[in-house]
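Shown next: my_file-v8.txt, containing compact mmCIF, C-alpha atoms and all ligand atoms.
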```txt
# COMPACT_ATOMS: atom_id res chain seq x y z
CA MET A 140 -13.15 4.65 21.72
CA LYS A 141 -12.70 8.02 20.16
CA ILE A 142 -9.19 7.17 19.07
CA ASN A 143 -10.35 3.85 17.66
CA LYS A 144 -13.01 5.55 15.61
CA MET A 145 -10.50 8.03 14.29
CA LEU A 146 -8.15 5.20 13.43
CA VAL A 147 -10.84 3.34 11.53
CA GLY A 148 -11.75 6.55 9.70
CA LEU A 149 -8.13 7.14 8.82
CA LEU A 150 -7.57 3.58 7.64
CA THR A 151 -10.71 3.70 5.53
CA SER A 152 -9.64 6.82 3.75
CA VAL A 153 -6.14 5.46 3.20
CA THR A 154 -7.65 2.33 1.63
CA LEU A 155 -9.94 4.41 -0.54
CA VAL A 156 -7.10 6.57 -1.75
CA ALA A 157 -4.92 3.52 -2.43
CA GLY A 158 -7.85 1.88 -4.22
CA ALA A 159 -8.46 4.98 -6.26
CA ALA A 160 -4.81 5.19 -7.27
CA GLN A 161 -5.00 1.68 -8.69
CA ALA A 162 -8.35 2.04 -10.33
CA ALA A 163 -7.92 2.14 -14.08
CA GLU A 164 -10.15 3.65 -16.72
CA LEU A 165 -10.37 1.12 -19.47
CA SER A 166 -12.11 0.93 -22.79
CA VAL A 167 -13.15 -2.13 -24.74
CA VAL A 168 -14.10 -1.93 -28.39
CA SER A 169 -16.74 -4.31 -29.58
CA GLY A 170 -19.11 -4.88 -32.47
CA ASP A 171 -21.80 -7.43 -31.81
CA THR A 172 -25.01 -8.93 -33.08
CA GLY A 173 -28.42 -9.11 -31.41
CA ASN A 174 -28.29 -7.87 -27.83
CA GLY A 175 -24.58 -8.72 -27.48
CA LEU A 176 -23.54 -5.23 -26.40
CA ALA A 177 -26.18 -5.10 -23.64
CA PHE A 178 -24.88 -8.46 -22.40
CA LEU A 179 -21.30 -7.15 -22.40
CA GLN A 180 -22.40 -4.07 -20.46
CA GLU A 181 -23.94 -6.28 -17.73
CA GLN A 182 -20.69 -8.23 -17.39
CA LEU A 183 -18.62 -5.06 -17.22
CA GLU A 184 -20.69 -3.82 -14.31
CA LYS A 185 -19.68 -6.94 -12.37
CA PHE A 186 -16.04 -6.38 -13.28
CA GLU A 187 -16.23 -2.77 -12.14
CA ALA A 188 -17.78 -3.77 -8.81
CA GLU A 189 -15.13 -6.47 -8.23
CA THR A 190 -12.08 -4.45 -9.20
CA GLY A 191 -12.91 -0.76 -8.86
CA HIS A 192 -11.84 -0.17 -12.47
CA THR A 193 -14.21 1.51 -14.87
CA VAL A 194 -14.79 0.32 -18.40
CA THR A 195 -16.31 2.12 -21.37
CA ILE A 196 -17.61 0.24 -24.38
CA VAL A 197 -16.71 1.71 -27.76
CA PRO A 198 -19.45 0.23 -29.96
CA MET A 199 -18.73 -0.79 -33.53
CA PRO A 200 -20.87 -2.00 -36.47
CA SER A 201 -21.62 -5.72 -36.34
CA SER A 202 -19.86 -6.48 -39.66
CA THR A 203 -16.54 -8.12 -38.81
CA THR A 204 -15.14 -6.71 -42.08
CA ASP A 205 -15.91 -3.13 -41.04
CA GLN A 206 -14.47 -3.74 -37.57
CA PHE A 207 -11.26 -5.17 -38.97
CA GLY A 208 -10.70 -2.19 -41.27
CA GLN A 209 -11.07 0.25 -38.37
CA TYR A 210 -8.98 -1.76 -35.90
CA ARG A 211 -6.14 -2.16 -38.36
CA LEU A 212 -6.00 1.62 -38.77
CA TRP A 213 -6.13 2.30 -35.02
CA LEU A 214 -3.47 -0.27 -34.25
CA ALA A 215 -1.18 0.91 -37.04
CA ALA A 216 -1.43 4.41 -35.57
CA GLY A 217 -0.59 3.13 -32.06
CA ASN A 218 -3.96 4.28 -30.66
CA THR A 219 -3.75 4.46 -26.84
CA ASP A 220 -7.50 5.04 -26.34
CA ILE A 221 -8.49 1.40 -26.73
CA ASP A 222 -7.23 -1.12 -24.16
CA VAL A 223 -9.11 -4.27 -25.09
CA TYR A 224 -10.25 -5.38 -28.55
CA THR A 225 -12.95 -7.95 -29.24
CA THR A 226 -11.37 -10.01 -32.01
CA ASP A 227 -12.61 -12.46 -34.62
CA VAL A 228 -11.00 -15.91 -34.68
CA ILE A 229 -9.44 -15.17 -38.10
CA TRP A 230 -7.52 -12.08 -37.06
CA ALA A 231 -4.85 -13.51 -34.79
CA PRO A 232 -2.16 -14.05 -37.46
CA GLN A 233 -2.79 -10.59 -38.98
CA LEU A 234 -2.78 -8.54 -35.79
CA ALA A 235 -0.49 -10.62 -33.58
CA ASP A 236 2.25 -7.97 -33.43
CA GLN A 237 -0.13 -5.36 -32.03
CA PHE A 238 -1.38 -7.33 -29.02
CA LEU A 239 0.22 -8.34 -25.73
CA ASP A 240 1.12 -11.96 -25.01
CA LEU A 241 -1.46 -13.40 -22.60
CA SER A 242 0.29 -16.76 -22.01
CA GLU A 243 1.50 -15.89 -18.54
CA ALA A 244 -1.82 -14.46 -17.34
CA ALA A 245 -3.65 -17.48 -18.76
CA ALA A 246 -1.21 -20.16 -17.56
CA ASP A 247 -3.56 -21.51 -14.86
CA VAL A 248 -6.72 -21.55 -16.95
CA ILE A 249 -5.51 -22.46 -20.41
CA ASP A 250 -6.15 -26.18 -19.90
CA GLN A 251 -9.86 -25.54 -19.38
CA HIS A 252 -10.22 -24.47 -23.02
CA PHE A 253 -10.33 -26.65 -26.13
CA PRO A 254 -6.68 -26.88 -27.28
CA SER A 255 -7.61 -26.22 -30.94
CA ILE A 256 -9.11 -22.84 -30.01
CA ILE A 257 -6.11 -21.80 -27.95
CA GLU A 258 -3.96 -22.89 -30.89
CA SER A 259 -5.96 -20.69 -33.29
CA GLN A 260 -5.14 -17.70 -31.09
CA THR A 261 -1.46 -18.57 -30.70
CA VAL A 262 1.01 -17.10 -33.19
CA ASN A 263 4.67 -18.08 -32.93
CA GLY A 264 4.19 -19.11 -29.30
CA LYS A 265 2.39 -15.90 -28.35
CA LEU A 266 -1.18 -16.13 -27.01
CA VAL A 267 -2.70 -13.21 -28.86
CA ALA A 268 -6.23 -13.32 -27.43
CA MET A 269 -8.37 -15.12 -24.85
CA PRO A 270 -11.42 -16.91 -26.27
CA ALA A 271 -14.85 -15.57 -25.34
CA TYR A 272 -16.84 -18.10 -27.38
CA THR A 273 -16.59 -20.28 -30.45
CA ASP A 274 -19.00 -20.37 -33.37
CA ALA A 275 -20.27 -22.97 -35.82
CA PRO A 276 -23.42 -22.28 -37.84
CA ALA A 277 -26.67 -24.19 -37.96
CA LEU A 278 -29.53 -24.76 -40.31
CA PHE A 279 -32.47 -23.16 -38.50
CA TYR A 280 -35.73 -24.77 -39.62
CA ARG A 281 -39.41 -24.25 -38.90
CA LYS A 282 -40.57 -27.42 -37.09
CA ASP A 283 -44.21 -26.44 -37.43
CA LEU A 284 -44.01 -25.96 -41.21
CA LEU A 285 -42.06 -29.17 -41.86
CA GLU A 286 -44.71 -31.01 -39.87
CA LYS A 287 -47.57 -29.27 -41.66
CA TYR A 288 -46.21 -30.32 -45.07
CA ASN A 289 -44.96 -33.68 -43.86
CA LYS A 290 -41.31 -33.01 -44.72
CA GLU A 291 -38.04 -34.22 -43.19
CA VAL A 292 -35.26 -31.90 -42.10
CA PRO A 293 -33.12 -31.67 -45.29
CA THR A 294 -29.72 -33.33 -45.20
CA THR A 295 -28.62 -32.23 -48.70
CA TRP A 296 -28.79 -28.84 -50.38
CA ALA A 297 -30.94 -30.35 -53.13
CA GLU A 298 -33.50 -31.44 -50.52
CA LEU A 299 -33.34 -28.05 -48.87
CA THR A 300 -33.98 -26.32 -52.21
CA ALA A 301 -36.97 -28.52 -53.05
CA THR A 302 -38.55 -28.35 -49.57
CA ALA A 303 -38.02 -24.59 -49.30
CA GLN A 304 -39.65 -24.02 -52.68
CA GLU A 305 -42.65 -26.23 -51.95
CA ILE A 306 -43.42 -24.82 -48.50
CA MET A 307 -42.79 -21.23 -49.62
CA ASP A 308 -45.16 -21.58 -52.59
CA ALA A 309 -47.90 -23.07 -50.44
CA GLU A 310 -47.50 -20.57 -47.56
CA ARG A 311 -47.54 -17.56 -49.89
CA ALA A 312 -51.33 -17.93 -50.15
CA GLU A 313 -51.56 -16.74 -46.55
CA ASN A 314 -48.27 -14.92 -46.17
CA PRO A 315 -47.04 -13.12 -49.31
CA ASP A 316 -43.77 -12.24 -47.49
CA MET A 317 -42.74 -15.86 -47.05
CA TRP A 318 -39.32 -17.00 -48.30
CA GLY A 319 -37.69 -20.43 -48.45
CA PHE A 320 -34.12 -19.76 -47.30
CA VAL A 321 -32.17 -16.78 -45.98
CA PHE A 322 -28.42 -16.61 -45.43
CA GLN A 323 -25.54 -14.09 -45.45
CA GLY A 324 -25.03 -12.98 -49.05
CA ASN A 325 -23.61 -9.47 -48.67
CA ALA A 326 -20.08 -8.87 -50.01
CA TYR A 327 -18.20 -9.27 -46.69
CA GLU A 328 -16.59 -11.87 -44.44
CA GLY A 329 -19.94 -13.55 -43.69
CA LEU A 330 -20.27 -14.52 -47.37
CA THR A 331 -16.80 -16.08 -47.23
CA CYS A 332 -18.12 -18.23 -44.35
CA ASN A 333 -21.31 -19.27 -46.21
CA ALA A 334 -19.51 -19.93 -49.49
CA LEU A 335 -16.73 -21.94 -47.85
CA GLU A 336 -19.48 -24.18 -46.44
CA TRP A 337 -21.06 -24.70 -49.87
CA VAL A 338 -17.69 -25.42 -51.49
CA LYS A 339 -16.46 -27.76 -48.76
CA SER A 340 -19.84 -29.54 -48.63
CA TYR A 341 -19.39 -30.39 -52.34
CA GLY A 342 -15.88 -31.74 -51.75
CA GLY A 343 -14.43 -28.61 -53.38
CA GLY A 344 -11.69 -27.90 -50.81
CA GLN A 345 -11.03 -24.86 -48.61
CA VAL A 346 -10.03 -22.14 -51.13
CA ILE A 347 -6.40 -22.32 -49.95
CA GLU A 348 -5.28 -25.57 -48.37
CA ALA A 349 -3.26 -25.85 -45.16
CA ASP A 350 -0.01 -26.17 -47.19
CA GLY A 351 -0.73 -22.89 -49.03
CA THR A 352 -1.95 -24.40 -52.34
CA ILE A 353 -4.67 -22.41 -54.09
CA SER A 354 -7.39 -25.00 -54.70
CA ILE A 355 -10.55 -23.01 -55.40
CA ASN A 356 -10.69 -23.33 -59.20
CA ASN A 357 -12.34 -26.75 -59.42
CA GLU A 358 -15.59 -28.23 -60.73
CA GLN A 359 -17.14 -29.11 -57.38
CA ALA A 360 -16.55 -25.60 -56.08
CA ALA A 361 -18.18 -24.19 -59.20
CA ALA A 362 -21.17 -26.54 -58.85
CA ALA A 363 -21.61 -25.45 -55.22
CA ILE A 364 -21.60 -21.73 -56.03
CA ASP A 365 -23.87 -22.14 -59.07
CA MET A 366 -26.34 -23.94 -56.82
CA ALA A 367 -26.34 -20.99 -54.40
CA ALA A 368 -26.79 -18.58 -57.33
CA SER A 369 -29.94 -20.49 -58.32
CA TRP A 370 -31.54 -19.57 -54.96
CA ILE A 371 -31.49 -15.82 -55.59
CA GLY A 372 -34.91 -14.68 -56.73
CA THR A 373 -36.38 -18.19 -56.25
CA ILE A 374 -36.23 -19.41 -52.63
CA SER A 375 -34.18 -16.43 -51.40
CA PRO A 376 -35.08 -12.77 -51.95
CA GLU A 377 -32.97 -10.56 -54.23
CA GLY A 378 -32.34 -8.54 -51.08
CA ASN A 379 -30.43 -11.49 -49.66
CA LEU A 380 -27.47 -10.22 -51.71
CA ALA A 381 -27.19 -7.46 -49.11
CA TYR A 382 -27.96 -9.52 -45.99
CA MET A 383 -25.56 -9.92 -43.11
CA GLU A 384 -26.40 -11.95 -39.98
CA GLU A 385 -28.89 -9.49 -38.56
CA GLU A 386 -30.85 -8.95 -41.78
CA SER A 387 -31.35 -12.68 -42.27
CA ARG A 388 -32.35 -13.05 -38.61
CA GLY A 389 -34.83 -10.20 -39.05
CA VAL A 390 -36.68 -12.01 -41.86
CA TRP A 391 -36.53 -15.32 -40.01
CA GLN A 392 -37.65 -13.99 -36.64
CA LEU A 393 -40.68 -12.29 -38.16
CA GLY A 394 -41.74 -15.74 -39.33
CA ASN A 395 -40.98 -15.06 -42.99
CA ALA A 396 -38.54 -17.86 -43.82
CA VAL A 397 -38.73 -21.66 -43.77
CA PHE A 398 -34.95 -22.07 -43.35
CA MET A 399 -32.08 -19.85 -42.25
CA ARG A 400 -28.33 -20.32 -42.10
CA ASN A 401 -27.00 -18.49 -39.06
CA TRP A 402 -24.74 -18.72 -36.02
CA PRO A 403 -25.97 -20.01 -32.64
CA TYR A 404 -26.60 -16.50 -31.25
CA ALA A 405 -29.87 -16.50 -33.25
CA TYR A 406 -31.18 -19.39 -31.14
CA ALA A 407 -31.71 -17.52 -27.85
CA LEU A 408 -33.11 -14.49 -29.69
CA GLY A 409 -35.50 -16.70 -31.69
CA GLU A 410 -36.77 -18.13 -28.41
CA GLY A 411 -37.27 -14.63 -26.97
CA GLU A 412 -40.69 -13.34 -25.87
CA ASP A 413 -40.96 -10.94 -28.81
CA SER A 414 -40.11 -13.57 -31.44
CA ALA A 415 -42.74 -14.78 -33.92
CA VAL A 416 -40.91 -18.13 -34.18
CA LYS A 417 -40.63 -18.83 -30.45
CA GLY A 418 -41.24 -22.56 -29.84
CA LYS A 419 -41.64 -23.19 -33.59
CA PHE A 420 -38.09 -23.92 -34.70
CA ASP A 421 -35.09 -26.12 -34.12
CA VAL A 422 -31.55 -26.38 -35.48
CA ALA A 423 -29.70 -29.07 -37.46
CA PRO A 424 -26.30 -29.38 -39.11
CA LEU A 425 -26.03 -27.64 -42.50
CA PRO A 426 -26.89 -29.86 -45.49
CA ALA A 427 -24.30 -31.79 -47.50
CA GLY A 428 -23.52 -31.22 -51.19
CA GLU A 429 -23.25 -33.82 -53.93
CA GLY A 430 -20.49 -35.80 -55.58
CA GLU A 431 -17.24 -37.19 -54.28
CA GLY A 432 -16.26 -35.90 -50.84
CA ALA A 433 -19.75 -34.48 -50.15
CA ARG A 434 -20.39 -33.79 -46.45
CA SER A 435 -22.00 -31.33 -44.12
CA ALA A 436 -19.56 -28.47 -43.53
CA ALA A 437 -19.61 -25.65 -40.99
CA THR A 438 -17.18 -22.74 -41.03
CA LEU A 439 -15.37 -22.19 -37.76
CA GLY A 440 -16.05 -18.79 -36.23
CA GLY A 441 -15.61 -17.30 -32.80
CA TRP A 442 -14.66 -14.23 -30.79
CA ASN A 443 -11.89 -13.37 -28.34
CA TYR A 444 -10.47 -10.60 -26.19
CA ALA A 445 -7.04 -9.17 -27.00
CA VAL A 446 -5.07 -6.48 -25.16
CA SER A 447 -3.55 -3.66 -27.18
CA LYS A 448 0.18 -3.24 -26.77
CA TYR A 449 -0.49 0.52 -26.78
CA SER A 450 -2.71 0.29 -23.67
CA GLN A 451 -1.63 2.64 -20.86
CA GLU A 452 -3.15 0.23 -18.33
CA PRO A 453 -1.88 -3.15 -19.48
CA GLU A 454 -2.32 -4.95 -16.15
CA ALA A 455 -5.92 -3.92 -15.64
CA ALA A 456 -6.63 -4.57 -19.33
CA ILE A 457 -5.26 -8.12 -19.03
CA GLN A 458 -7.41 -8.58 -15.93
CA LEU A 459 -10.43 -7.56 -18.00
CA ALA A 460 -9.62 -9.95 -20.86
CA MET A 461 -9.24 -12.78 -18.34
CA PHE A 462 -12.51 -11.88 -16.62
CA LEU A 463 -14.51 -11.78 -19.86
CA SER A 464 -13.22 -15.20 -20.92
CA SER A 465 -13.69 -16.85 -17.51
CA PRO A 466 -15.91 -19.90 -16.92
CA GLU A 467 -18.50 -17.77 -15.05
CA ILE A 468 -18.98 -15.36 -17.94
CA GLN A 469 -18.83 -18.09 -20.58
CA LYS A 470 -21.55 -19.97 -18.73
CA GLU A 471 -23.76 -16.92 -18.60
CA ARG A 472 -23.06 -16.26 -22.29
CA ALA A 473 -24.07 -19.80 -23.17
CA ILE A 474 -27.32 -19.48 -21.22
CA LYS A 475 -28.35 -15.96 -22.20
CA GLN A 476 -26.74 -15.51 -25.63
CA SER A 477 -26.59 -19.18 -26.77
CA ASN A 478 -22.91 -18.64 -27.67
CA LEU A 479 -20.83 -21.82 -27.70
CA PRO A 480 -18.34 -21.98 -24.81
CA THR A 481 -14.66 -22.65 -25.41
CA ILE A 482 -14.43 -24.31 -21.98
CA GLU A 483 -15.03 -28.01 -22.40
CA ALA A 484 -16.66 -28.62 -18.98
CA LEU A 485 -19.53 -26.28 -19.82
CA TYR A 486 -20.84 -28.77 -22.40
CA ASP A 487 -21.79 -31.02 -19.46
CA ASP A 488 -23.32 -28.21 -17.44
CA GLN A 489 -27.02 -28.86 -16.81
CA ASP A 490 -28.00 -25.17 -16.73
CA VAL A 491 -26.32 -24.62 -20.09
CA LEU A 492 -27.94 -27.67 -21.68
CA ALA A 493 -31.37 -26.70 -20.31
CA ALA A 494 -31.12 -23.24 -21.90
CA ALA A 495 -29.55 -24.40 -25.17
CA PRO A 496 -30.20 -28.16 -25.66
CA PHE A 497 -28.62 -28.07 -29.15
CA MET A 498 -25.19 -27.48 -27.62
CA SER A 499 -24.65 -31.13 -26.76
CA ASN A 500 -24.48 -31.81 -30.55
CA TRP A 501 -22.60 -28.64 -31.37
CA LYS A 502 -19.48 -29.65 -29.45
CA GLU A 503 -18.75 -32.17 -32.20
CA ILE A 504 -19.83 -29.84 -34.99
CA PHE A 505 -17.48 -27.03 -34.04
CA GLN A 506 -14.64 -29.47 -33.45
CA ASN A 507 -15.05 -30.68 -37.04
CA ALA A 508 -15.66 -27.19 -38.40
CA VAL A 509 -13.66 -25.95 -41.37
CA PRO A 510 -11.17 -23.17 -40.67
CA ARG A 511 -10.95 -20.29 -43.11
CA PRO A 512 -7.48 -20.08 -44.69
CA SER A 513 -6.25 -17.43 -42.26
CA ALA A 514 -3.33 -19.56 -41.04
CA PRO A 515 -1.82 -20.31 -44.51
CA ALA A 516 -2.60 -16.83 -45.92
CA GLN A 517 -1.24 -15.10 -42.80
CA ALA A 518 -1.06 -11.31 -43.20
CA LYS A 519 -2.80 -11.55 -46.58
CA TYR A 520 -5.92 -13.31 -45.30
CA ASN A 521 -8.17 -10.28 -45.51
CA GLU A 522 -7.31 -9.75 -49.18
CA VAL A 523 -7.77 -13.45 -49.90
CA SER A 524 -11.17 -13.38 -48.28
CA SER A 525 -12.28 -10.24 -50.07
CA LEU A 526 -11.25 -11.68 -53.45
CA PHE A 527 -13.19 -14.86 -52.62
CA TRP A 528 -16.37 -13.15 -51.43
CA GLY A 529 -16.13 -10.82 -54.45
CA ALA A 530 -16.05 -13.74 -56.91
CA VAL A 531 -18.95 -15.41 -55.12
CA HIS A 532 -21.00 -12.22 -54.89
CA ASN A 533 -20.55 -11.63 -58.63
CA THR A 534 -21.81 -15.13 -59.34
CA LEU A 535 -24.82 -14.75 -57.02
CA SER A 536 -25.62 -11.44 -58.74
CA GLY A 537 -25.65 -13.08 -62.17
CA ASP A 538 -22.39 -11.44 -63.19
CA GLY A 539 -20.55 -14.40 -64.75
CA SER A 540 -20.80 -18.13 -64.07
CA ALA A 541 -19.05 -19.71 -61.11
CA ALA A 542 -16.53 -21.41 -63.43
CA GLU A 543 -15.62 -18.08 -65.04
CA ASN A 544 -15.36 -16.24 -61.74
CA LEU A 545 -13.32 -18.97 -60.08
CA GLU A 546 -10.82 -18.95 -62.92
CA LEU A 547 -10.32 -15.21 -62.48
CA LEU A 548 -10.14 -15.67 -58.71
CA GLU A 549 -7.41 -18.27 -59.06
CA ALA A 550 -5.33 -15.84 -61.15
CA ASP A 551 -5.86 -13.01 -58.62
CA LEU A 552 -4.93 -15.25 -55.70
CA SER A 553 -1.77 -16.40 -57.49
CA ASP A 554 -0.73 -12.78 -58.06
CA LEU A 555 -1.42 -11.99 -54.42
CA LYS A 556 0.56 -14.99 -53.24
CA GLY A 557 3.61 -14.28 -55.39
CA ASP A 558 6.39 -16.70 -54.41
CA ALA A 559 4.89 -17.48 -51.03
CA TRP A 560 2.14 -16.39 -48.70
C1 LIG A 601 -19.54 -14.73 -36.84
C2 LIG A 601 -18.31 -15.58 -36.59
C3 LIG A 601 -17.09 -14.89 -37.11
C4 LIG A 601 -17.28 -14.55 -38.58
C5 LIG A 601 -18.51 -13.69 -38.76
C6 LIG A 601 -18.79 -13.44 -40.22
O1 LIG A 601 -19.52 -13.60 -36.04
O2 LIG A 601 -18.15 -15.87 -35.24
O3 LIG A 601 -15.95 -15.71 -36.94
O4 LIG A 601 -16.15 -13.94 -39.14
O5 LIG A 601 -19.63 -14.33 -38.19
O6 LIG A 601 -19.85 -12.58 -40.41
```

Let me see whether you can do it: turn the structure in this file into structure tokens.
Amino acid sequence: MKINKMLVGLLTSVTLVAGAAQAAELSVVSGDTGNGLAFLQEQLEKFEAETGHTVTIVPMPSSTTDQFGQYRLWLAAGNTDIDVYTTDVIWAPQLADQFLDLSEAAADVIDQHFPSIIESQTVNGKLVAMPAYTDAPALFYRKDLLEKYNKEVPTTWAELTATAQEIMDAERAENPDMWGFVFQGNAYEGLTCNALEWVKSYGGGQVIEADGTISINNEQAAAAIDMAASWIGTISPEGNLAYMEEESRGVWQLGNAVFMRNWPYAYALGEGEDSAVKGKFDVAPLPAGEGEGARSAATLGGWNYAVSKYSQEPEAAIQLAMFLSSPEIQKERAIKQSNLPTIEALYDDQDVLAAAPFMSNWKEIFQNAVPRPSAPAQAKYNEVSSLFWGAVHNTLSGDGSAAENLELLEADLSDLKGDAW
């Protein structure tokens, strides 16, 4: 008896010591919107309990542009402090060399994900990051206000403009803070997403086409951007020129906008207890433009987990990336954060559809979503995007017409391209 007890005690301490020797201290860097970081923290606690590893979150600003600038510096300097990076869908071709190949770790689960998303994270055969969720924006609209004024959900931008103006003007009598439409108009990656949608919805192409051709200097593209410029100071506040996702959600969630363009994360937050629009809104596909090739267009977004090649704990870090992209976590994300899963089976999951009924339609929308030209522009994508959002921001600010700014943009993009991307 005594000996047995001693033996058990001995074995326990051996196990603890062995466990401790394997326990890694990891860090994951992440910018997020809404309560995304609190959600991540909850998931990390589960990971810590399951594995014995500890994980620290290094929080970043929510602007993907600011994150990218910082990550590029850290990675170029071979920073060993960060093990796992939360990465935007557009970064894979630019940062591929700095991350470990996850193909082997993901071999058994890769088939659960939509092939197009895995493809977007694969560069020259290397799986650069594991998908956490995909993104395709929606037109958020106030059901109660459309009903009150007997209006349909707009299916063209012209309808949206007219309906937004009419309801805003009428509502101002009671609510002087009311606006018609809010979106992401700051000079950053989010404006590239919004503007690509306007341009594509007018049949104006994708800035740079899949074969590398620079297509942005065309009449439809100019018409699309001039239309957006007409919103500033009419249905959208001047301040919209500085809005990112969270600023537009702030106006919307206080009940001060008829329409909002935003990503699905704003759905769960809008339905939250503290939201002034809880139960009063729904989502629809973004409106179509006008002219030949007009259609509804959504820019493809999404976030992933990548493992730094400078990590001192690569095995544990890979384990973390796999955990955070697993079906269990993606399901919880879909329910609590209304983020779109990258695992196809979750679109038939009853719990997911009960929490976020819009997702049954969004499977098709994100599969038809328009990619930003990060694949053709490769390492130069960030410069391409910043030239594009710069030209659009100038136009929205009244600094030159769209036609003038797109002509200059075309020249700048040609210089940047040189002989080839
Ligand atoms: C969302 C998208 C991301 C995009 C960003 C722009 O987070 O998922 O892909 O780059 O918005 O602000």

- Determine, counting all atoms listed in the file, every residue of protein, DNA or RNA that lies within 9 Å of (-16.7, -30.9, -38.9) in the file coordinates, then give the result as a list in words.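 The residues near that point, listed by chain and number, are Arg434, Ser435, Ala436, Ala437, Thr438, Leu439, Glu503, Ile504, Phe505, Gln506, Asn507, Ala508 and Val509 of chain A.
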
For C-alpha atoms, I'd like the residues from the last selection saved as a CSV table (one decimal), keeping the file's coordinate frame.
```
chain,number,residue,atom,x,y,z
A,434,ARG,CA,-20.4,-33.8,-46.4
A,435,SER,CA,-22.0,-31.3,-44.1
A,436,ALA,CA,-19.6,-28.5,-43.5
A,437,ALA,CA,-19.6,-25.6,-41.0
A,438,THR,CA,-17.2,-22.7,-41.0
A,439,LEU,CA,-15.4,-22.2,-37.8
A,503,GLU,CA,-18.8,-32.2,-32.2
A,504,ILE,CA,-19.8,-29.8,-35.0
A,505,PHE,CA,-17.5,-27.0,-34.0
A,506,GLN,CA,-14.6,-29.5,-33.4
A,507,ASN,CA,-15.0,-30.7,-37.0
A,508,ALA,CA,-15.7,-27.2,-38.4
A,509,VAL,CA,-13.7,-26.0,-41.4
```

Taken to one decimal, the atom CA of A:Arg281-atom CA of A:Gly394 distance is 8.8 Å

- Message: Neighbours of ligand LIG 601 (chain A) at 10 Å or closer, counting all atoms listed in the file: which residues, as a PyMOL selection string?
- Response: chain A and resi 170-172+201-204+226-230+272-276+323+325+327-333+383-385+401-404+438-443+478-479+510-511

With C-alpha atoms retained, could you export that selection as an mmCIF file, keeping the file's coordinate frame?
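What landed in again35.cif:
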```
data_model
loop_
_atom_site.group_PDB
_atom_site.id
_atom_site.type_symbol
_atom_site.label_atom_id
_atom_site.label_comp_id
_atom_site.auth_asym_id
_atom_site.auth_seq_id
_atom_site.Cartn_x
_atom_site.Cartn_y
_atom_site.Cartn_z
ATOM 1 C CA GLY A 170 -19.110 -4.880 -32.470
ATOM 2 C CA ASP A 171 -21.800 -7.430 -31.810
ATOM 3 C CA THR A 172 -25.010 -8.930 -33.080
ATOM 4 C CA SER A 201 -21.620 -5.720 -36.340
ATOM 5 C CA SER A 202 -19.860 -6.480 -39.660
ATOM 6 C CA THR A 203 -16.540 -8.120 -38.810
ATOM 7 C CA THR A 204 -15.140 -6.710 -42.080
ATOM 8 C CA THR A 226 -11.370 -10.010 -32.010
ATOM 9 C CA ASP A 227 -12.610 -12.460 -34.620
ATOM 10 C CA VAL A 228 -11.000 -15.910 -34.680
ATOM 11 C CA ILE A 229 -9.440 -15.170 -38.100
ATOM 12 C CA TRP A 230 -7.520 -12.080 -37.060
ATOM 13 C CA TYR A 272 -16.840 -18.100 -27.380
ATOM 14 C CA THR A 273 -16.590 -20.280 -30.450
ATOM 15 C CA ASP A 274 -19.000 -20.370 -33.370
ATOM 16 C CA ALA A 275 -20.270 -22.970 -35.820
ATOM 17 C CA PRO A 276 -23.420 -22.280 -37.840
ATOM 18 C CA GLN A 323 -25.540 -14.090 -45.450
ATOM 19 C CA ASN A 325 -23.610 -9.470 -48.670
ATOM 20 C CA TYR A 327 -18.200 -9.270 -46.690
ATOM 21 C CA GLU A 328 -16.590 -11.870 -44.440
ATOM 22 C CA GLY A 329 -19.940 -13.550 -43.690
ATOM 23 C CA LEU A 330 -20.270 -14.520 -47.370
ATOM 24 C CA THR A 331 -16.800 -16.080 -47.230
ATOM 25 C CA CYS A 332 -18.120 -18.230 -44.350
ATOM 26 C CA ASN A 333 -21.310 -19.270 -46.210
ATOM 27 C CA MET A 383 -25.560 -9.920 -43.110
ATOM 28 C CA GLU A 384 -26.400 -11.950 -39.980
ATOM 29 C CA GLU A 385 -28.890 -9.490 -38.560
ATOM 30 C CA ASN A 401 -27.000 -18.490 -39.060
ATOM 31 C CA TRP A 402 -24.740 -18.720 -36.020
ATOM 32 C CA PRO A 403 -25.970 -20.010 -32.640
ATOM 33 C CA TYR A 404 -26.600 -16.500 -31.250
ATOM 34 C CA THR A 438 -17.180 -22.740 -41.030
ATOM 35 C CA LEU A 439 -15.370 -22.190 -37.760
ATOM 36 C CA GLY A 440 -16.050 -18.790 -36.230
ATOM 37 C CA GLY A 441 -15.610 -17.300 -32.800
ATOM 38 C CA TRP A 442 -14.660 -14.230 -30.790
ATOM 39 C CA ASN A 443 -11.890 -13.370 -28.340
ATOM 40 C CA ASN A 478 -22.910 -18.640 -27.670
ATOM 41 C CA LEU A 479 -20.830 -21.820 -27.700
ATOM 42 C CA PRO A 510 -11.170 -23.170 -40.670
ATOM 43 C CA ARG A 511 -10.950 -20.290 -43.110
#
```

>> I need every residue sitting at most 9 Å from the point (-36.2, -23.9, -41.5) (coordinates as in the file, all atoms listed in the file considered), written as a ChimeraX atom specification.
In response: /A:278-282,284-285,292,299,303,319-320,391,396-400,420-422

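Taking all atoms listed in the file into account, A:Ile482 lies nearest to A:Ser255 out of the set A:Ser375, A:Gln233, A:Ser255, A:Asn500.
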
With all atoms listed in the file as the counted atoms, please give the residues lying no more than 10 Å from stretch 518-520 of chain A, apart from itself and same-chain residues fewer than 2 positions off, as a list in words.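 Using all atoms listed in the file, the neighbours found are Ile229, Trp230, Ala231, Pro232, Gln233, Leu234, Ala235, Arg511, Pro512, Ser513, Ala514, Pro515, Ala516, Glu522, Val523, Ser524, Ser525, Leu526, Leu555, Lys556 and Trp560 of chain A.
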